[in-house]
$ cat final_22.cif   # mmCIF, C-alpha atoms and all ligand atoms
data_upload
#
loop_
_atom_site.label_atom_id
_atom_site.label_comp_id
_atom_site.auth_asym_id
_atom_site.auth_seq_id
_atom_site.Cartn_x
_atom_site.Cartn_y
_atom_site.Cartn_z
CA MET M 1 36.57 4.99 25.55
CA PHE M 2 32.99 5.39 24.38
CA THR M 3 31.07 8.11 26.13
CA ILE M 4 27.37 7.78 25.59
CA LYS M 5 25.55 10.64 23.88
CA ASP M 6 23.54 12.99 26.00
CA HIS M 7 20.10 11.72 24.99
CA LEU M 8 21.12 8.10 25.47
CA GLU M 9 21.87 6.73 28.91
CA ILE M 10 22.47 3.47 30.72
CA LYS M 11 20.22 2.30 33.55
CA ASN M 12 20.46 -1.14 35.20
CA ASN M 13 22.94 -2.10 32.48
CA HIS M 14 20.29 -1.36 29.80
CA LEU M 15 20.61 1.20 27.02
CA MET M 16 17.90 3.87 27.34
CA ILE M 17 16.78 6.30 24.62
CA GLY M 18 14.68 9.34 25.46
CA GLY M 19 13.84 7.73 28.81
CA ALA M 20 12.67 4.40 27.29
CA ASP M 21 14.40 1.08 28.01
CA THR M 22 15.54 -0.45 24.72
CA THR M 23 15.13 -4.02 26.04
CA VAL M 24 11.47 -3.29 26.83
CA LEU M 25 10.94 -1.67 23.41
CA ALA M 26 12.42 -4.75 21.70
CA GLU M 27 10.05 -7.02 23.66
CA GLN M 28 7.05 -4.82 23.02
CA PHE M 29 7.53 -4.06 19.32
CA GLY M 30 9.85 -6.86 18.19
CA THR M 31 13.12 -6.57 16.30
CA PRO M 32 14.61 -5.29 14.11
CA LEU M 33 13.31 -1.91 15.24
CA TYR M 34 14.18 1.69 14.45
CA VAL M 35 13.76 3.92 17.53
CA THR M 36 13.79 7.73 17.22
CA ASN M 37 13.88 10.25 20.04
CA GLU M 38 11.52 13.11 19.18
CA SER M 39 13.08 15.73 21.43
CA ARG M 40 16.50 15.10 19.90
CA VAL M 41 15.14 15.88 16.41
CA ILE M 42 13.67 19.13 17.66
CA GLY M 43 16.87 19.92 19.57
CA ASN M 44 19.08 19.36 16.53
CA PHE M 45 16.83 21.52 14.38
CA SER M 46 16.94 24.31 17.00
CA SER M 47 20.75 24.17 17.04
CA TYR M 48 20.74 24.93 13.32
CA ARG M 49 18.20 27.67 13.77
CA LYS M 50 20.29 29.29 16.49
CA ALA M 51 23.51 29.01 14.50
CA PHE M 52 21.90 30.59 11.42
CA PRO M 53 19.19 32.85 12.88
CA ASP M 54 18.58 34.70 9.61
CA ALA M 55 18.77 31.77 7.21
CA ASP M 56 16.09 29.43 5.85
CA ILE M 57 16.63 25.86 6.96
CA ASN M 58 15.44 23.42 4.29
CA TYR M 59 15.54 19.94 5.80
CA ALA M 60 16.94 17.37 3.32
CA ALA M 61 14.02 14.96 3.24
CA LYS M 62 16.13 12.15 1.74
CA ALA M 63 17.97 11.71 5.04
CA ASN M 64 14.84 10.47 6.78
CA GLY M 65 11.51 10.87 5.03
CA SER M 66 9.37 9.27 7.72
CA PHE M 67 6.13 11.17 7.79
CA ALA M 68 6.17 11.84 11.55
CA ILE M 69 9.62 13.41 11.24
CA LEU M 70 8.59 15.60 8.31
CA ARG M 71 5.54 16.66 10.31
CA MET M 72 7.60 17.54 13.38
CA LEU M 73 10.00 19.61 11.32
CA ALA M 74 7.15 21.30 9.45
CA ARG M 75 5.79 22.40 12.83
CA GLU M 76 9.22 23.77 13.74
CA GLY M 77 9.14 25.95 10.63
CA ALA M 78 11.51 23.94 8.46
CA GLY M 79 11.48 24.15 4.69
CA ALA M 80 12.53 21.17 2.56
CA ASP M 81 15.08 20.09 -0.01
CA VAL M 82 13.28 17.47 -2.12
CA PHE M 83 14.86 15.30 -4.77
CA SER M 84 11.82 13.64 -6.31
CA PHE M 85 8.08 14.14 -6.70
CA GLY M 86 7.65 11.51 -3.97
CA GLU M 87 9.60 13.63 -1.50
CA LEU M 88 7.72 16.76 -2.62
CA TYR M 89 4.37 15.00 -2.13
CA MET M 90 5.32 13.88 1.38
CA ALA M 91 6.74 17.27 2.36
CA LEU M 92 3.58 19.11 1.26
CA LEU M 93 1.35 16.55 2.95
CA ALA M 94 3.35 17.02 6.16
CA GLY M 95 2.54 20.73 6.03
CA ILE M 96 5.77 22.25 4.73
CA PRO M 97 4.67 25.35 2.78
CA ARG M 98 5.38 25.22 -0.95
CA LYS M 99 7.29 28.50 -0.79
CA LYS M 100 9.83 26.90 1.55
CA ILE M 101 10.64 24.01 -0.79
CA LEU M 102 13.39 23.69 -3.40
CA PHE M 103 13.04 20.90 -5.96
CA ASN M 104 16.55 19.53 -6.55
CA GLY M 105 17.80 16.76 -8.79
CA ASN M 106 20.12 16.03 -11.69
CA SER M 107 17.63 13.99 -13.74
CA LYS M 108 14.07 15.09 -13.16
CA THR M 109 11.25 13.75 -15.30
CA ASP M 110 9.03 16.06 -17.33
CA PHE M 111 6.21 15.01 -14.98
CA GLU M 112 8.26 16.24 -11.99
CA LEU M 113 9.05 19.57 -13.66
CA GLN M 114 5.40 20.02 -14.62
CA LYS M 115 4.25 19.33 -11.06
CA ALA M 116 6.80 21.85 -9.71
CA VAL M 117 5.47 24.50 -12.10
CA GLU M 118 1.80 23.73 -11.40
CA ILE M 119 2.23 23.75 -7.62
CA GLY M 120 4.58 26.75 -7.62
CA ILE M 121 7.76 25.15 -6.30
CA LYS M 122 11.20 26.67 -6.91
CA VAL M 123 13.44 24.45 -9.03
CA SER M 124 17.18 23.94 -8.85
CA VAL M 125 18.11 23.46 -12.48
CA ASP M 126 20.98 21.08 -13.12
CA SER M 127 21.67 21.61 -16.84
CA LEU M 128 20.86 23.86 -19.81
CA ASP M 129 18.92 20.99 -21.31
CA GLU M 130 16.71 20.90 -18.23
CA LEU M 131 16.37 24.71 -18.35
CA HIS M 132 14.90 24.54 -21.85
CA THR M 133 12.52 21.72 -20.96
CA LEU M 134 11.36 23.64 -17.90
CA SER M 135 10.87 26.82 -19.91
CA LYS M 136 8.68 24.99 -22.45
CA ILE M 137 6.61 23.38 -19.70
CA ALA M 138 6.12 26.66 -17.79
CA ASP M 139 5.32 28.59 -20.94
CA SER M 140 2.75 26.03 -22.10
CA LEU M 141 1.04 26.27 -18.70
CA GLY M 142 1.16 30.08 -18.83
CA LYS M 143 3.19 30.18 -15.61
CA THR M 144 6.54 31.47 -14.42
CA VAL M 145 8.82 29.29 -12.33
CA GLU M 146 11.52 30.60 -10.01
CA ILE M 147 14.82 28.85 -10.57
CA ALA M 148 18.31 28.52 -9.19
CA PHE M 149 21.14 26.85 -11.03
CA ARG M 150 22.91 24.03 -9.25
CA VAL M 151 26.57 25.02 -9.40
CA ASN M 152 29.41 22.54 -9.46
CA PRO M 153 31.94 24.68 -7.59
CA ASP M 154 34.83 22.22 -7.95
CA VAL M 155 35.54 22.04 -4.23
CA SER M 156 36.86 18.94 -2.49
CA ALA M 157 34.68 18.21 0.51
CA LYS M 158 37.36 15.91 2.00
CA THR M 159 34.83 13.17 2.60
CA HIS M 160 34.14 9.66 1.24
CA PRO M 161 34.33 9.83 -2.59
CA LYS M 162 30.84 8.33 -2.92
CA ILE M 163 29.32 11.27 -1.05
CA SER M 164 31.45 14.07 -2.52
CA THR M 165 29.17 16.03 -4.82
CA GLY M 166 31.04 19.26 -5.62
CA LEU M 167 34.06 17.85 -7.44
CA ARG M 168 34.51 18.77 -11.09
CA THR M 169 33.95 15.11 -12.03
CA SER M 170 30.69 14.74 -10.09
CA LYS M 171 27.40 14.28 -11.96
CA PHE M 172 25.78 17.21 -10.16
CA GLY M 173 25.45 20.78 -11.33
CA ILE M 174 26.83 23.10 -13.98
CA PRO M 175 30.59 23.80 -14.07
CA SER M 176 31.27 27.18 -12.36
CA GLU M 177 32.78 28.74 -15.47
CA GLU M 178 29.56 28.11 -17.44
CA VAL M 179 27.20 29.36 -14.75
CA VAL M 180 27.17 33.08 -15.66
CA ASP M 181 26.27 32.25 -19.28
CA ALA M 182 23.53 29.97 -17.99
CA TYR M 183 21.97 32.91 -16.11
CA LYS M 184 22.24 35.09 -19.25
CA GLU M 185 20.39 32.41 -21.17
CA ALA M 186 17.77 31.88 -18.49
CA ASN M 187 17.08 35.59 -18.21
CA GLY M 188 15.52 35.79 -21.62
CA LEU M 189 13.54 32.55 -21.54
CA PRO M 190 9.75 32.41 -21.32
CA GLY M 191 8.36 31.09 -18.06
CA ILE M 192 11.71 31.31 -16.25
CA LEU M 193 12.63 33.69 -13.43
CA PRO M 194 16.22 33.34 -12.17
CA ALA M 195 15.77 33.82 -8.42
CA GLY M 196 18.61 32.04 -6.67
CA ILE M 197 21.79 30.03 -6.86
CA HIS M 198 22.51 26.63 -5.34
CA CYS M 199 25.37 24.28 -4.50
CA HIS M 200 25.98 21.27 -2.28
CA ILE M 201 29.53 20.02 -1.99
CA GLY M 202 29.04 16.69 -0.22
CA SER M 203 28.04 14.94 2.95
CA GLN M 204 29.58 13.84 6.28
CA ILE M 205 32.03 16.76 6.12
CA LEU M 206 34.15 17.04 9.27
CA ASP M 207 36.53 19.83 8.21
CA THR M 208 34.66 23.10 7.66
CA THR M 209 37.24 24.79 5.40
CA PRO M 210 35.58 23.46 2.18
CA PHE M 211 32.38 25.30 3.23
CA THR M 212 34.34 28.57 3.31
CA GLU M 213 35.97 27.82 -0.04
CA ALA M 214 32.57 27.05 -1.57
CA THR M 215 31.07 30.27 -0.14
CA HIS M 216 33.87 32.34 -1.71
CA LYS M 217 33.33 30.65 -5.07
CA MET M 218 29.56 31.06 -4.89
CA MET M 219 29.84 34.73 -3.93
CA ASP M 220 32.20 35.32 -6.88
CA LEU M 221 29.39 34.02 -9.07
CA VAL M 222 26.74 36.03 -7.22
CA GLU M 223 28.80 39.16 -7.93
CA LYS M 224 28.95 38.42 -11.65
CA ILE M 225 25.26 37.48 -11.84
CA THR M 226 24.26 40.64 -9.96
CA GLY M 227 26.36 42.53 -12.51
CA LEU M 228 24.01 41.18 -15.20
CA GLY M 229 21.16 43.01 -13.48
CA ILE M 230 19.69 39.80 -12.06
CA ASN M 231 18.34 40.11 -8.54
CA LEU M 232 19.16 36.90 -6.67
CA LYS M 233 16.66 36.40 -3.84
CA PHE M 234 18.44 33.41 -2.32
CA VAL M 235 21.83 31.73 -2.08
CA ASP M 236 21.47 28.05 -1.15
CA MET M 237 24.71 26.60 0.19
CA GLY M 238 23.35 23.05 0.59
CA SER M 239 24.70 21.29 3.62
CA GLY M 240 26.87 18.29 4.43
CA LEU M 241 27.82 18.90 8.05
CA GLY M 242 29.17 15.62 9.45
CA ILE M 243 28.50 13.99 12.80
CA PRO M 244 30.88 12.05 15.09
CA TYR M 245 29.99 8.44 14.22
CA LYS M 246 33.28 7.37 15.76
CA LYS M 247 33.11 8.28 19.39
CA ASP M 248 36.82 8.48 20.05
CA GLU M 249 37.90 10.71 17.16
CA GLY M 250 37.61 14.03 18.96
CA GLN M 251 35.13 16.78 18.35
CA ALA M 252 33.07 17.03 15.18
CA PRO M 253 32.07 20.49 13.95
CA THR M 254 28.75 21.87 15.17
CA PRO M 255 26.18 24.02 13.33
CA LEU M 256 27.94 27.00 14.96
CA ASP M 257 31.21 25.95 13.31
CA HIS M 258 29.31 25.56 10.03
CA ALA M 259 27.99 29.10 10.51
CA LYS M 260 31.47 30.46 11.27
CA ALA M 261 32.70 28.93 8.01
CA ILE M 262 29.97 30.54 5.89
CA LEU M 263 28.45 33.64 7.50
CA PRO M 264 31.44 36.04 7.64
CA VAL M 265 32.11 35.58 3.90
CA PHE M 266 28.42 35.65 2.99
CA GLU M 267 27.72 38.78 5.05
CA GLU M 268 30.79 40.68 3.94
CA ARG M 269 30.29 39.94 0.26
CA THR M 270 26.55 40.66 0.18
CA LYS M 271 27.13 43.94 2.04
CA ALA M 272 29.86 44.97 -0.39
CA LEU M 273 27.48 44.27 -3.27
CA GLY M 274 24.62 46.09 -1.58
CA ILE M 275 22.29 43.09 -1.95
CA SER M 276 20.36 41.09 0.62
CA PRO M 277 19.58 37.59 -0.64
CA ARG M 278 18.31 34.99 1.85
CA LEU M 279 20.85 32.39 2.86
CA VAL M 280 19.44 28.84 2.59
CA LEU M 281 20.88 25.65 4.12
CA GLU M 282 19.83 22.07 3.54
CA PRO M 283 20.92 19.96 6.51
CA GLY M 284 19.78 16.35 6.60
CA ARG M 285 22.21 14.16 8.51
CA PHE M 286 22.81 16.57 11.39
CA ILE M 287 19.10 16.91 12.08
CA VAL M 288 18.30 13.21 12.28
CA ALA M 289 21.37 10.93 12.40
CA ASP M 290 22.01 10.81 16.13
CA THR M 291 18.29 10.81 17.05
CA THR M 292 17.79 7.17 16.10
CA ILE M 293 19.10 3.69 16.89
CA LEU M 294 18.50 0.42 15.11
CA LEU M 295 17.83 -2.46 17.50
CA ALA M 296 18.62 -5.99 16.35
CA ARG M 297 18.44 -9.33 18.14
CA VAL M 298 21.34 -11.78 18.11
CA ASN M 299 20.34 -14.97 16.27
CA THR M 300 23.64 -16.79 16.51
CA VAL M 301 27.31 -16.47 17.47
CA LYS M 302 30.05 -18.29 15.57
CA LYS M 303 33.82 -18.50 16.03
CA ALA M 304 35.42 -18.76 12.58
CA ALA M 305 37.97 -16.51 10.86
CA ARG M 306 36.33 -13.85 12.98
CA ASN M 307 34.01 -13.95 15.93
CA PHE M 308 30.76 -13.50 13.97
CA VAL M 309 27.58 -12.28 15.63
CA GLY M 310 24.57 -12.82 13.35
CA VAL M 311 21.73 -10.38 14.07
CA ASP M 312 18.22 -10.12 12.63
CA ALA M 313 18.79 -6.79 10.79
CA GLY M 314 20.75 -6.74 7.55
CA PHE M 315 21.94 -4.19 5.03
CA ASN M 316 18.42 -4.16 3.66
CA LEU M 317 17.63 -1.98 6.71
CA LEU M 318 20.90 -0.04 7.10
CA VAL M 319 23.03 -0.04 3.98
CA ARG M 320 25.56 2.64 4.92
CA PRO M 321 28.33 0.32 6.18
CA THR M 322 27.99 -1.93 3.12
CA MET M 323 27.69 0.89 0.60
CA ASN M 324 30.06 3.54 1.94
CA ASP M 325 32.18 1.67 4.51
CA SER M 326 30.45 3.78 7.14
CA TYR M 327 31.07 3.33 10.83
CA HIS M 328 28.20 2.89 13.30
CA HIS M 329 28.93 2.54 16.97
CA VAL M 330 27.60 -0.67 18.53
CA VAL M 331 26.23 -1.09 22.06
CA VAL M 332 25.06 -4.41 23.47
CA ALA M 333 21.83 -2.89 24.73
CA ASN M 334 21.06 -5.43 27.46
CA LYS M 335 24.68 -5.39 28.73
CA ALA M 336 25.43 -1.74 28.09
CA ASN M 337 27.72 -1.31 31.09
CA SER M 338 29.30 -4.76 31.11
CA LYS M 339 33.04 -5.05 30.68
CA PRO M 340 34.23 -5.42 27.06
CA GLU M 341 35.61 -8.95 26.85
CA ASP M 342 36.00 -10.05 23.29
CA THR M 343 36.28 -8.90 19.69
CA TYR M 344 33.15 -9.35 17.57
CA THR M 345 32.08 -8.75 13.99
CA ILE M 346 28.40 -7.93 13.74
CA VAL M 347 26.80 -9.26 10.55
CA GLY M 348 23.30 -9.40 9.09
CA PRO M 349 21.37 -12.34 7.61
CA ILE M 350 21.68 -11.22 3.96
CA CYS M 351 23.24 -13.56 1.43
CA GLU M 352 26.19 -11.26 0.68
CA THR M 353 29.69 -11.11 2.14
CA GLY M 354 29.40 -7.34 2.45
CA ASP M 355 26.51 -7.61 4.91
CA ILE M 356 28.65 -6.44 7.82
CA PHE M 357 27.59 -3.71 10.25
CA ALA M 358 30.73 -3.56 12.37
CA LYS M 359 34.13 -5.28 12.15
CA ASP M 360 36.28 -6.41 15.06
CA ARG M 361 34.65 -4.42 17.83
CA THR M 362 35.58 -5.01 21.45
CA LEU M 363 32.28 -5.66 23.25
CA PRO M 364 30.89 -7.43 26.31
CA HIS M 365 30.41 -11.20 26.00
CA ILE M 366 27.66 -11.75 23.39
CA GLU M 367 25.31 -14.72 23.15
CA LYS M 368 22.12 -15.68 21.34
CA GLY M 369 19.17 -13.54 22.44
CA ASP M 370 21.24 -10.45 23.29
CA LEU M 371 20.14 -7.11 21.89
CA VAL M 372 22.47 -5.03 19.76
CA ALA M 373 21.98 -1.29 19.15
CA LEU M 374 23.50 0.42 16.12
CA LEU M 375 23.80 4.09 17.00
CA ASP M 376 23.37 7.17 14.79
CA ALA M 377 21.11 5.31 12.37
CA GLY M 378 18.60 8.13 11.78
CA ALA M 379 20.06 9.54 8.56
CA TYR M 380 20.10 7.46 5.36
CA GLY M 381 18.96 4.44 7.40
CA PHE M 382 15.31 3.54 6.91
CA SER M 383 15.14 5.92 3.93
CA MET M 384 17.55 3.64 2.02
CA SER M 385 15.96 0.36 3.10
CA SER M 386 14.71 -2.41 0.83
CA GLN M 387 13.09 -5.83 0.93
CA TYR M 388 16.19 -7.55 -0.45
CA ASN M 389 16.36 -11.28 0.28
CA GLY M 390 12.61 -11.43 0.93
CA ARG M 391 12.80 -9.42 4.13
CA PRO M 392 9.83 -7.21 5.00
CA ARG M 393 10.98 -3.83 6.33
CA CYS M 394 10.94 -3.33 10.10
CA ALA M 395 8.82 -1.01 12.27
CA GLU M 396 9.77 2.46 13.48
CA VAL M 397 8.80 3.90 16.85
CA LEU M 398 9.02 7.46 18.11
CA ILE M 399 9.83 8.16 21.76
CA LYS M 400 8.47 11.16 23.61
CA ASP M 401 8.92 11.48 27.37
CA GLY M 402 9.75 7.79 27.68
CA GLU M 403 6.61 6.66 25.80
CA ALA M 404 6.73 4.98 22.40
CA ASP M 405 4.37 5.39 19.44
CA VAL M 406 4.59 3.28 16.32
CA ILE M 407 5.20 5.66 13.40
CA ARG M 408 5.60 2.91 10.83
CA SER M 409 4.23 -0.61 11.09
CA ARG M 410 6.41 -3.62 10.53
CA GLU M 411 5.79 -4.94 7.03
CA ASP M 412 4.15 -8.34 6.81
CA PHE M 413 5.18 -11.16 4.51
CA VAL M 414 2.19 -10.35 2.28
CA ASP M 415 3.82 -6.95 1.69
CA LEU M 416 6.44 -8.79 -0.33
CA LEU M 417 3.70 -9.28 -2.90
CA ASN M 418 2.62 -5.62 -2.98
CA GLY M 419 1.83 -4.54 -6.51
CA GLN M 420 2.91 -7.84 -8.05
CA LYS M 421 0.65 -9.60 -10.54
CA LEU M 422 0.74 -12.91 -12.34
CA PRO M 423 0.07 -13.00 -16.08
CA ALA M 424 -2.90 -15.30 -16.76
CA ARG M 425 -0.62 -18.01 -18.19
CA LEU M 426 1.09 -18.35 -14.81
CA MET M 427 -2.11 -18.69 -12.81
N1 LIG H 501 21.25 18.95 -0.29
C1 LIG H 501 21.50 18.16 -1.35
C2 LIG H 501 21.33 18.70 -2.69
C3 LIG H 501 21.93 16.83 -1.15
O1 LIG H 501 22.19 16.05 -2.20
C4 LIG H 501 22.07 16.33 0.17
C5 LIG H 501 22.49 14.95 0.42
C6 LIG H 501 21.77 17.20 1.25
C7 LIG H 501 21.37 18.51 0.97
C8 LIG H 501 21.88 16.78 2.69
O2 LIG H 501 23.18 16.54 3.06
P1 LIG H 501 23.53 16.15 4.58
O3 LIG H 501 23.29 17.36 5.44
O4 LIG H 501 22.65 15.05 4.97
O5 LIG H 501 24.95 15.76 4.54
N2 LIG H 501 23.63 8.09 1.77
C9 LIG H 501 24.83 8.82 2.15
C10 LIG H 501 24.62 10.32 2.10
C11 LIG H 501 24.11 10.81 0.78
C12 LIG H 501 23.86 12.29 0.77
C13 LIG H 501 23.00 12.70 -0.38
N3 LIG H 501 22.75 14.11 -0.50
C14 LIG H 501 25.20 8.38 3.56
O6 LIG H 501 24.56 7.49 4.09
O7 LIG H 501 26.17 8.87 4.13
#
$ encode --input "final_22.cif" --output "structure tokens"
Amino acid sequence: MFTIKDHLEIKNNHLMIGGADTTVLAEQFGTPLYVTNESRVIGNFSSYRKAFPDADINYAAKANGSFAILRMLAREGAGADVFSFGELYMALLAGIPRKKILFNGNSKTDFELQKAVEIGIKVSVDSLDELHTLSKIADSLGKTVEIAFRVNPDVSAKTHPKISTGLRTSKFGIPSEEVVDAYKEANGLPGILPAGIHCHIGSQILDTTPFTEATHKMMDLVEKITGLGINLKFVDMGSGLGIPYKKDEGQAPTPLDHAKAILPVFEERTKALGISPRLVLEPGRFIVADTTILLARVNTVKKAARNFVGVDAGFNLLVRPTMNDSYHHVVVANKANSKPEDTYTIVGPICETGDIFAKDRTLPHIEKGDLVALLDAGAYGFSMSSQYNGRPRCAEVLIKDGEADVIRSREDFVDLLNGQKLPARLM
């Protein structure tokens, strides 16, 4: 049986978020609508902080790059993991200090590397080829850039294959057995200062043992690199902590469990080596996923091979179920306490068979005009949205003490033309 999360509640049969009635929000701002609860973001960030009191928490901006969220986290003292110049630009603009940012990525452009060097951002280097490009750029600018190598530790994260990043076959990082030689090479290069080491084994991880395995493997490398006389100032273990999307599957690990999987090994090994690098973590999903719901209005109900409920949001707004078979819990927001009566498949309006949010869910009786809430939509939701099928993106609102502020306006139909031009012959 679904138990509602602590920052969501039901009042008068309506789903409430952060004290705001979702049916009122849908009337006021229209649908589809992303709704984020500010205090939940802050609360989730504090849980990480408490679990890792001595670590640097670099928020993974890709999970939700909305400016208001970056700003909130900047004020809480978060750093950032950025994967593009766009994310770097937004993070800096939001007030995240450059010293707290690591520029990640397996295929950065020369422009991105140059910007990192000019601004003074640490770079996670993904290949020897990139190392040499970066060295040339830094040297030509007369600057030195602090780097980490992204290690491929060959650890199975026991998660969906599409979001496993630390397997030997993954496109990310340098194979562990080549990493020590990479540091030797970096050590002598102009413009390069080896300052840290980095890995990230995957996402939506619900069993913490791979974190421990990865920490052991990373500390083995740290030992060898320290033996080269290189002083590593930070060890970045990435992130990947999962959240309980399915409400009836028992407990998901917490940041404290994440800490228990990493800290004992990290502390013991650094002590034995007599070194004191900073531990860095890069949580994205845990900070934002459960803070946000996506509200969608029911356009039509049809009994066919399945009981299809067509809503006004599609995978252009939340692609996770289509792309990674991800589960999102569904609540009929205007009948949140009503008795489940039938089995429904919630689908979007996109012209693709895979445009399905939820299959065969037992829900209260649904009819046209009802309001559906997709829970836990705050991570990799809006940030992966598109205008596919000629659909302007929806608005986002932020709730604080029951009051809503628009943090992103609904796109208009004219926005579909943004940046497009007609050659003279087509005028
Ligand atoms: N650090 C690096 C280098 C990453 O690539 C990622 C996520 C993170 C940190 C944050 O991981 P998290 O704490 O959020 O698990 N779109 C997929 C997830 C892709 C994850 C990409 N990298 C999804 O919707 O599940």
$ atom_distance --input "final_22.cif" --atom1 "atom O5 of ligand LIG 501 (chain H)" --atom2 "atom CA of M:Gln204"
5.3 Å
$ closest_atom_pairs --input "final_22.cif" --of "stretch 299-408 of chain M" --to "stretch 232-252 of chain M" --cutoff "12 Å" --atoms "all atoms listed in the file" --output "CSV"
residue,atom,partner,partner_atom,distance
M:Arg320,CA,M:Tyr245,CA,11.8
M:Pro321,CA,M:Tyr245,CA,11.5
M:Ser326,CA,M:Tyr245,CA,8.5
M:Tyr327,CA,M:Tyr245,CA,6.2
M:His328,CA,M:Tyr245,CA,5.9
M:His329,CA,M:Tyr245,CA,6.6
M:Val330,CA,M:Lys246,CA,10.2
M:Val331,CA,M:Lys247,CA,11.9
M:Ala358,CA,M:Lys246,CA,11.7
M:Leu374,CA,M:Tyr245,CA,10.5
M:Leu375,CA,M:Tyr245,CA,8.1
M:Asp376,CA,M:Tyr245,CA,6.8
M:Ala377,CA,M:Tyr245,CA,9.6
M:Gly378,CA,M:Ile243,CA,11.5
M:Ala379,CA,M:Ile243,CA,10.4
$ residues_near_ligand --input "final_22.cif" --ligand "ligand LIG 501 (chain H)" --cutoff "9 Å" --atoms "all atoms listed in the file" --output "CSV table (one decimal) with C-alpha atoms, keeping the file's coordinate frame"
chain,number,residue,atom,x,y,z
M,58,ASN,CA,15.4,23.4,4.3
M,59,TYR,CA,15.5,19.9,5.8
M,60,ALA,CA,16.9,17.4,3.3
M,61,ALA,CA,14.0,15.0,3.2
M,62,LYS,CA,16.1,12.2,1.7
M,63,ALA,CA,18.0,11.7,5.0
M,81,ASP,CA,15.1,20.1,0.0
M,82,VAL,CA,13.3,17.5,-2.1
M,83,PHE,CA,14.9,15.3,-4.8
M,104,ASN,CA,16.6,19.5,-6.6
M,105,GLY,CA,17.8,16.8,-8.8
M,150,ARG,CA,22.9,24.0,-9.2
M,160,HIS,CA,34.1,9.7,1.2
M,162,LYS,CA,30.8,8.3,-2.9
M,163,ILE,CA,29.3,11.3,-1.0
M,164,SER,CA,31.4,14.1,-2.5
M,165,THR,CA,29.2,16.0,-4.8
M,172,PHE,CA,25.8,17.2,-10.2
M,198,HIS,CA,22.5,26.6,-5.3
M,199,CYS,CA,25.4,24.3,-4.5
M,200,HIS,CA,26.0,21.3,-2.3
M,201,ILE,CA,29.5,20.0,-2.0
M,202,GLY,CA,29.0,16.7,-0.2
M,203,SER,CA,28.0,14.9,3.0
M,204,GLN,CA,29.6,13.8,6.3
M,205,ILE,CA,32.0,16.8,6.1
M,237,MET,CA,24.7,26.6,0.2
M,238,GLY,CA,23.4,23.0,0.6
M,239,SER,CA,24.7,21.3,3.6
M,240,GLY,CA,26.9,18.3,4.4
M,241,LEU,CA,27.8,18.9,8.0
M,242,GLY,CA,29.2,15.6,9.4
M,281,LEU,CA,20.9,25.6,4.1
M,282,GLU,CA,19.8,22.1,3.5
M,283,PRO,CA,20.9,20.0,6.5
M,284,GLY,CA,19.8,16.4,6.6
M,285,ARG,CA,22.2,14.2,8.5
M,286,PHE,CA,22.8,16.6,11.4
M,287,ILE,CA,19.1,16.9,12.1
M,288,VAL,CA,18.3,13.2,12.3
M,289,ALA,CA,21.4,10.9,12.4
M,318,LEU,CA,20.9,0.0,7.1
M,319,VAL,CA,23.0,0.0,4.0
M,320,ARG,CA,25.6,2.6,4.9
M,321,PRO,CA,28.3,0.3,6.2
M,323,MET,CA,27.7,0.9,0.6
M,324,ASN,CA,30.1,3.5,1.9
M,326,SER,CA,30.4,3.8,7.1
M,379,ALA,CA,20.1,9.5,8.6
M,380,TYR,CA,20.1,7.5,5.4
M,381,GLY,CA,19.0,4.4,7.4
M,384,MET,CA,17.6,3.6,2.0
$ residues_around --input "final_22.cif" --residues "M:His14" --least-positions-apart "4" --cutoff "8 Å" --atoms "all atoms listed in the file" --output "VMD selection string"
chain M and resid 10 21 to 23 333 to 337
$ write_last_selection --input "final_22.cif" --atoms "C-alpha atoms" --output "mmCIF file, in the coordinates of the input"
data_model
loop_
_atom_site.group_PDB
_atom_site.id
_atom_site.type_symbol
_atom_site.label_atom_id
_atom_site.label_comp_id
_atom_site.auth_asym_id
_atom_site.auth_seq_id
_atom_site.Cartn_x
_atom_site.Cartn_y
_atom_site.Cartn_z
ATOM 1 C CA ILE M 10 22.470 3.470 30.720
ATOM 2 C CA ASP M 21 14.400 1.080 28.010
ATOM 3 C CA THR M 22 15.540 -0.450 24.720
ATOM 4 C CA THR M 23 15.130 -4.020 26.040
ATOM 5 C CA ALA M 333 21.830 -2.890 24.730
ATOM 6 C CA ASN M 334 21.060 -5.430 27.460
ATOM 7 C CA LYS M 335 24.680 -5.390 28.730
ATOM 8 C CA ALA M 336 25.430 -1.740 28.090
ATOM 9 C CA ASN M 337 27.720 -1.310 31.090
#
$ atom_distance --input "final_22.cif" --atom1 "atom CA of M:Glu38" --atom2 "atom CA of M:Tyr388"
28.9 Å
$ residues_around --input "final_22.cif" --residues "M:Gly348" --least-positions-apart "4" --cutoff "8 Å" --atoms "only C-alpha atoms" --output "mmCIF file with C-alpha atoms, in the coordinates of the input"
data_model
loop_
_atom_site.group_PDB
_atom_site.id
_atom_site.type_symbol
_atom_site.label_atom_id
_atom_site.label_comp_id
_atom_site.auth_asym_id
_atom_site.auth_seq_id
_atom_site.Cartn_x
_atom_site.Cartn_y
_atom_site.Cartn_z
ATOM 1 C CA GLY M 310 24.570 -12.820 13.350
ATOM 2 C CA VAL M 311 21.730 -10.380 14.070
ATOM 3 C CA ASP M 312 18.220 -10.120 12.630
ATOM 4 C CA ALA M 313 18.790 -6.790 10.790
ATOM 5 C CA GLY M 314 20.750 -6.740 7.550
ATOM 6 C CA PHE M 315 21.940 -4.190 5.030
ATOM 7 C CA ASP M 355 26.510 -7.610 4.910
ATOM 8 C CA ILE M 356 28.650 -6.440 7.820
ATOM 9 C CA PHE M 357 27.590 -3.710 10.250
#
